[in-house]
>>> print(open('work_3.txt').read())   # compact mmCIF, C-alpha atoms and all ligand atoms
# COMPACT_ATOMS: atom_id res chain seq x y z
CA MET A 1 10.47 12.25 -16.81
CA ALA A 2 9.17 9.00 -15.22
CA LEU A 3 6.06 9.21 -13.08
CA PRO A 4 6.37 8.54 -9.32
CA ILE A 5 5.14 5.41 -7.58
CA PHE A 6 2.26 6.30 -5.26
CA VAL A 7 2.57 4.70 -1.80
CA LEU A 8 -0.86 5.14 -0.21
CA ASN A 9 -1.70 4.42 3.42
CA GLY A 10 -5.17 4.18 4.92
CA PRO A 11 -6.87 4.95 8.21
CA ASN A 12 -5.02 4.95 11.54
CA LEU A 13 -1.65 4.19 9.98
CA ASN A 14 -0.58 7.68 11.11
CA LEU A 15 -0.52 6.06 14.58
CA LEU A 16 2.02 3.42 13.59
CA GLY A 17 4.74 2.95 16.21
CA THR A 18 2.58 4.27 19.04
CA ARG A 19 0.76 1.09 20.10
CA GLU A 20 0.41 -2.66 19.40
CA PRO A 21 4.14 -3.04 18.61
CA GLU A 22 3.74 -6.84 18.80
CA ILE A 23 1.51 -6.64 15.70
CA TYR A 24 2.76 -3.58 13.82
CA GLY A 25 6.36 -3.14 15.02
CA THR A 26 7.96 -0.02 16.46
CA GLN A 27 8.65 1.95 13.30
CA THR A 28 6.65 5.08 12.62
CA LEU A 29 5.08 5.85 9.25
CA LYS A 30 7.85 8.46 8.76
CA ASP A 31 10.40 5.64 9.18
CA VAL A 32 8.53 3.56 6.60
CA GLU A 33 8.49 6.52 4.22
CA ALA A 34 12.28 6.87 4.57
CA LEU A 35 12.73 3.16 3.74
CA CYS A 36 10.50 3.53 0.67
CA VAL A 37 12.29 6.64 -0.59
CA LYS A 38 15.65 4.87 -0.27
CA ARG A 39 14.45 1.70 -2.01
CA ALA A 40 12.75 3.62 -4.82
CA GLN A 41 15.80 5.84 -5.39
CA SER A 42 18.06 2.80 -5.62
CA LEU A 43 15.86 1.58 -8.49
CA GLY A 44 15.65 5.00 -10.18
CA HIS A 45 12.11 5.85 -9.08
CA SER A 46 10.59 8.68 -7.11
CA ILE A 47 7.66 8.17 -4.77
CA ALA A 48 4.69 10.12 -3.46
CA PHE A 49 4.06 8.77 0.06
CA ARG A 50 0.67 9.69 1.54
CA GLN A 51 -1.67 8.73 4.38
CA SER A 52 -5.34 9.50 4.85
CA ASN A 53 -8.07 8.52 7.27
CA SER A 54 -10.64 9.32 4.57
CA GLU A 55 -11.90 6.71 2.12
CA ALA A 56 -12.89 9.50 -0.30
CA GLU A 57 -9.37 10.94 -0.29
CA LEU A 58 -7.82 7.53 -0.94
CA ILE A 59 -10.20 7.04 -3.88
CA SER A 60 -9.27 10.48 -5.26
CA TRP A 61 -5.57 9.62 -5.02
CA ILE A 62 -6.11 6.33 -6.89
CA GLN A 63 -8.00 8.26 -9.58
CA GLU A 64 -5.14 10.79 -9.71
CA ALA A 65 -2.73 7.88 -10.22
CA ARG A 66 -4.40 7.14 -13.59
CA SER A 67 -2.44 10.00 -15.12
CA CYS A 68 0.19 10.72 -12.46
CA ALA A 69 1.68 7.43 -11.16
CA SER A 70 3.68 4.57 -12.68
CA GLY A 71 2.37 2.17 -10.02
CA ILE A 72 0.58 2.02 -6.67
CA VAL A 73 1.58 0.44 -3.36
CA LEU A 74 -1.55 0.41 -1.21
CA ASN A 75 -2.08 -0.40 2.44
CA ALA A 76 -5.78 0.38 2.70
CA ALA A 77 -5.73 -0.65 6.41
CA GLY A 78 -9.29 -1.16 7.74
CA TYR A 79 -10.85 -0.24 4.36
CA THR A 80 -9.23 -3.40 2.94
CA HIS A 81 -11.99 -5.41 4.55
CA THR A 82 -14.93 -3.15 3.73
CA SER A 83 -14.44 -1.04 0.62
CA ILE A 84 -15.91 -1.98 -2.74
CA ALA A 85 -15.42 1.70 -3.69
CA LEU A 86 -11.63 1.38 -3.32
CA LEU A 87 -11.75 -1.80 -5.43
CA ASP A 88 -13.72 0.05 -8.13
CA ALA A 89 -11.11 2.83 -8.17
CA LEU A 90 -8.26 0.30 -8.46
CA GLN A 91 -9.99 -1.50 -11.30
CA ALA A 92 -10.04 1.78 -13.25
CA TYR A 93 -6.23 2.04 -12.90
CA SER A 94 -4.20 0.24 -15.56
CA GLY A 95 -0.73 0.21 -13.93
CA PRO A 96 0.71 -2.26 -11.41
CA VAL A 97 -0.82 -2.32 -7.92
CA ILE A 98 0.69 -4.09 -4.91
CA GLU A 99 -1.49 -4.48 -1.83
CA VAL A 100 0.60 -4.51 1.33
CA HIS A 101 -0.08 -5.16 5.02
CA PHE A 102 2.31 -5.02 7.95
CA SER A 103 0.65 -7.95 9.68
CA ASN A 104 -0.21 -11.38 8.33
CA ILE A 105 -3.94 -10.78 7.94
CA PHE A 106 -4.47 -14.56 7.58
CA ARG A 107 -3.25 -15.18 11.14
CA ARG A 108 -5.64 -12.63 12.60
CA ASP A 109 -9.39 -12.18 13.21
CA SER A 110 -11.57 -13.85 10.56
CA PHE A 111 -12.98 -10.48 9.43
CA ARG A 112 -9.44 -9.44 8.43
CA GLN A 113 -8.94 -12.53 6.30
CA HIS A 114 -10.95 -11.18 3.38
CA SER A 115 -9.72 -8.29 1.25
CA TYR A 116 -12.04 -6.56 -1.22
CA ILE A 117 -9.10 -4.80 -2.84
CA SER A 118 -7.05 -7.93 -3.69
CA LEU A 119 -9.27 -8.38 -6.76
CA GLY A 120 -7.80 -5.13 -8.10
CA ALA A 121 -4.17 -5.86 -7.14
CA SER A 122 -1.37 -7.34 -9.23
CA GLY A 123 0.05 -8.91 -6.05
CA VAL A 124 -0.33 -8.99 -2.27
CA ILE A 125 2.38 -8.90 0.42
CA CYS A 126 1.54 -9.32 4.10
CA GLY A 127 3.14 -10.24 7.39
CA LEU A 128 6.61 -8.85 6.71
CA GLY A 129 6.25 -5.49 8.45
CA ALA A 130 7.88 -2.46 6.84
CA HIS A 131 10.06 -4.73 4.71
CA GLY A 132 6.88 -5.58 2.80
CA TYR A 133 6.80 -2.01 1.49
CA GLU A 134 10.35 -2.35 0.12
CA LEU A 135 9.40 -5.63 -1.54
CA ALA A 136 6.29 -3.98 -2.98
CA ILE A 137 8.45 -1.27 -4.60
CA ASP A 138 10.74 -3.98 -6.01
CA ALA A 139 7.67 -5.71 -7.46
CA ILE A 140 6.32 -2.51 -9.02
CA ASP A 141 9.74 -1.88 -10.59
CA ARG A 142 9.77 -5.41 -12.05
CA LEU A 143 6.22 -5.15 -13.38
CA ILE A 144 6.96 -1.78 -15.03
CA SER A 145 10.09 -3.22 -16.72
CA GLU A 146 8.22 -6.32 -17.90
CA LYS A 147 5.52 -4.13 -19.46
CA GLN A 148 8.12 -1.90 -21.16
CA ASN A 149 9.95 -4.92 -22.59
CA ALA A 150 6.82 -6.79 -23.72
O1 LIG B 1 -1.45 -5.11 8.85
C1 LIG B 1 -1.80 -4.09 8.25
O2 LIG B 1 -1.03 -3.35 7.65
C2 LIG B 1 -3.27 -3.66 8.29
O3 LIG B 1 -3.61 -3.12 7.02
C3 LIG B 1 -3.37 -2.61 9.37
C4 LIG B 1 -4.79 -2.15 9.67
C5 LIG B 1 -5.73 -3.33 9.88
O4 LIG B 1 -7.06 -2.87 9.98
C6 LIG B 1 -5.63 -4.34 8.75
O5 LIG B 1 -6.46 -5.44 9.06
C7 LIG B 1 -4.21 -4.82 8.56
C8 LIG B 1 -4.82 -1.29 10.94
C9 LIG B 1 -4.09 -0.01 10.81
C10 LIG B 1 -4.00 0.66 12.16
O6 LIG B 1 -2.65 0.68 12.51
C11 LIG B 1 -2.25 1.08 13.74
C12 LIG B 1 -0.96 0.78 14.08
C13 LIG B 1 -0.47 1.13 15.31
C14 LIG B 1 -1.26 1.80 16.20
C15 LIG B 1 -2.56 2.10 15.86
C16 LIG B 1 -3.05 1.76 14.63
>>> encode(input="work_3.txt", output="C-alpha cells", more="lines below")
Ligand code: CA2
Amino acid sequence: MALPIFVLNGPNLNLLGTREPEIYGTQTLKDVEALCVKRAQSLGHSIAFRQSNSEAELISWIQEARSCASGIVLNAAGYTHTSIALLDALQAYSGPVIEVHFSNIFRRDSFRQHSYISLGASGVICGLGAHGYELAIDAIDRLISEKQNA
C-alpha cells in the first residue's frame, strides 16, 4: 500500500478565505483540501491534509513523514521566513518536498522574499493560488516516478 502525500499548512492558513482576498483568493482551506484530494486521487495517491499554528507540530509532522509519507507539499506560511528548525526537519526527510505559497512572495514585502525552507525543498511554486497546490501534487507524483524508474 503506497504511503500518502502529506500536505502541510502553517500558521493562520485556517483563516484562508476570510480576509485579504486580493492576496489569497476567496477559497477556504477546506476548498483547497478538496482540490488536493481530487488531484491526488486522479494520480492514484492518497493525501493527509493538515494545518497547524504551531511550529513544533509542523516539525513533528515532517519527522512523521520520514516513515509515513511518499512526499511533502508544504506551505509553512509565516514560518517560511523565520524557521531554521523547519529547514532542519526537511533536511532529515529523504523524499520529494515541494514548497508552495498562494501569493508571489517575490512581489511582496522584502522580508517575505527570503525562504529558509527552500534549501530543503525539491522545488518551489508561488503566486498561483490554490492551483499551486495541484501543481505541487503533480510534481511530487513525477518525482516519485522518476525515483522508482531510476
Ligand atoms: O502566500 C502564501 O501562501 C504565504 O505562505 C501565506 C502566509 C505569508 O506569511 C507568507 O509570506 C506567504 C500568510 C498566511 C496567512 O494567511 C491568511 C489568509 C487569509 C486570511 C488570513 C490569513
>>> residues_around(input="work_3.txt", residues="A:Gln41", least_positions_apart="2", cutoff="12 Å", atoms="all atoms listed in the file", output="ChimeraX atom specification")
/A:4-5,34-39,43-47,134,137-138,141
>>> residues_near_ligand(input="work_3.txt", ligand="ligand LIG 1 (chain B)", cutoff="10 Å", atoms="all atoms listed in the file", output="count of residues only")
52
>>> atom_distance(input="work_3.txt", atom1="atom CA of A:Val73", atom2="atom CA of A:Arg50")
10.5 Å
>>> atom_distance(input="work_3.txt", atom1="atom CA of A:Gly95", atom2="atom CA of A:Arg107")
29.5 Å
>>> residues_around(input="work_3.txt", residues="A:Ala139", least_positions_apart="4", cutoff="8 Å", atoms="all atoms listed in the file", output="list in words")
Ile98, Leu135 and Leu143 of chain A
>>> closest_residue(input="work_3.txt", among="A:Leu8, A:Asn149, A:Ser122, A:Ala2", to="A:Ser52", atoms="all atoms listed in the file")
A:Leu8
>>> atom_distance(input="work_3.txt", atom1="atom CA of A:Ile59", atom2="atom CA of A:Leu3")
18.8 Å
>>> closest_residue(input="work_3.txt", among="A:Ala40, A:Val7, A:Val32, A:Ala56", to="A:Arg142", atoms="only C-alpha atoms")
A:Ala40
>>> closest_residue(input="work_3.txt", among="A:Ser70, A:Gln91, A:Ala121, A:Glu64", to="A:Gln148", atoms="only C-alpha atoms")
A:Ser70
>>> residues_around(input="work_3.txt", residues="A:Asp88", least_positions_apart="4", cutoff="8 Å", atoms="only C-alpha atoms", output="list in words")
Ile84, Ala92 and Gly120 of chain A
>>> closest_residue(input="work_3.txt", among="A:Gly123, A:Tyr116, A:Ser83, A:Ile72", to="A:Phe6", atoms="all atoms listed in the file")
A:Ile72
>>> closest_residue(input="work_3.txt", among="A:Leu87, A:Ile62, A:Val97, A:Val124", to="A:Ile140", atoms="all atoms listed in the file")
A:Val97
>>> closest_residue(input="work_3.txt", among="A:Ala85, A:Pro96, A:Ser42, A:Gln51", to="A:Ala65", atoms="all atoms listed in the file")
A:Pro96
